[in-house]
Amino acid sequence: MLLFVSSVKLVAEIALLALAGQFLLALLAGARRERNFFYRLLQILTNPFVRGVRLITPRVVLDRHIPLAAFVLLAMVWAIATLVKINLCLQVGVEHCK
């Protein structure tokens with residue numbers, strides 16, 4: 001169980017950092033961001049999460065807000081996984097959670 005929770009937390013961390021990096025790079029690159037190699041790489045990494053959020057959100061939500069919704073949802077998943085991991089580590093002993 002601890003391995004599963006740690007894996008979920010790790011995937012959420014990677015996706016959160018990729019979304020944050022994509023946002024910062026979009027600010028720096030401006031209108032030419034679609035031609036930037038690193039922006040497109042981050043877009044490929046975050047695409048499954050953004051598409052998943054698009055599937056669960058109503059059509060009223062604008063497409064440009066979906067990455068922000070994905071970030072918020074992933075932040076919630078990360079926080080829950082962190083709390084569950086802390087709880088599991090306290091149950092089995094901190095020595096086993098390194």
# chains A, B, ... in the order shown; residues from 1 in each chain; ligands from 1

$ residues_around --residues "range 23-38 of chain A" --least-positions-apart "6" --cutoff "10 Å" --atoms "only C-alpha atoms" --output "ChimeraX atom specification"
/A:17,44,67-68

$ closest_residue --among "A:Leu16, A:Met1, A:Leu74, A:Leu41" --to "Val92 in chain A" --atoms "only C-alpha atoms"
A:Met1

$ closest_residue --among "A:Phe49, A:Ile56, A:Lys98, A:Leu73" --to "Lys85 in chain A" --atoms "only C-alpha atoms"
A:Lys98

$ closest_residue --among "A:Val77, A:Leu45, A:Leu19, A:Val60" --to "Ser6 in chain A" --atoms "only C-alpha atoms"
A:Val77

$ atom_distance --atom1 "CA of Ala20 in chain A" --atom2 "CA of Ala69 in chain A"
12.6 Å

$ atom_distance --atom1 "CA of Gly21 in chain A" --atom2 "CA of Thr57 in chain A"
23.3 Å

$ atom_distance --atom1 "CA of Arg40 in chain A" --atom2 "CA of Asp63 in chain A"
17.6 Å
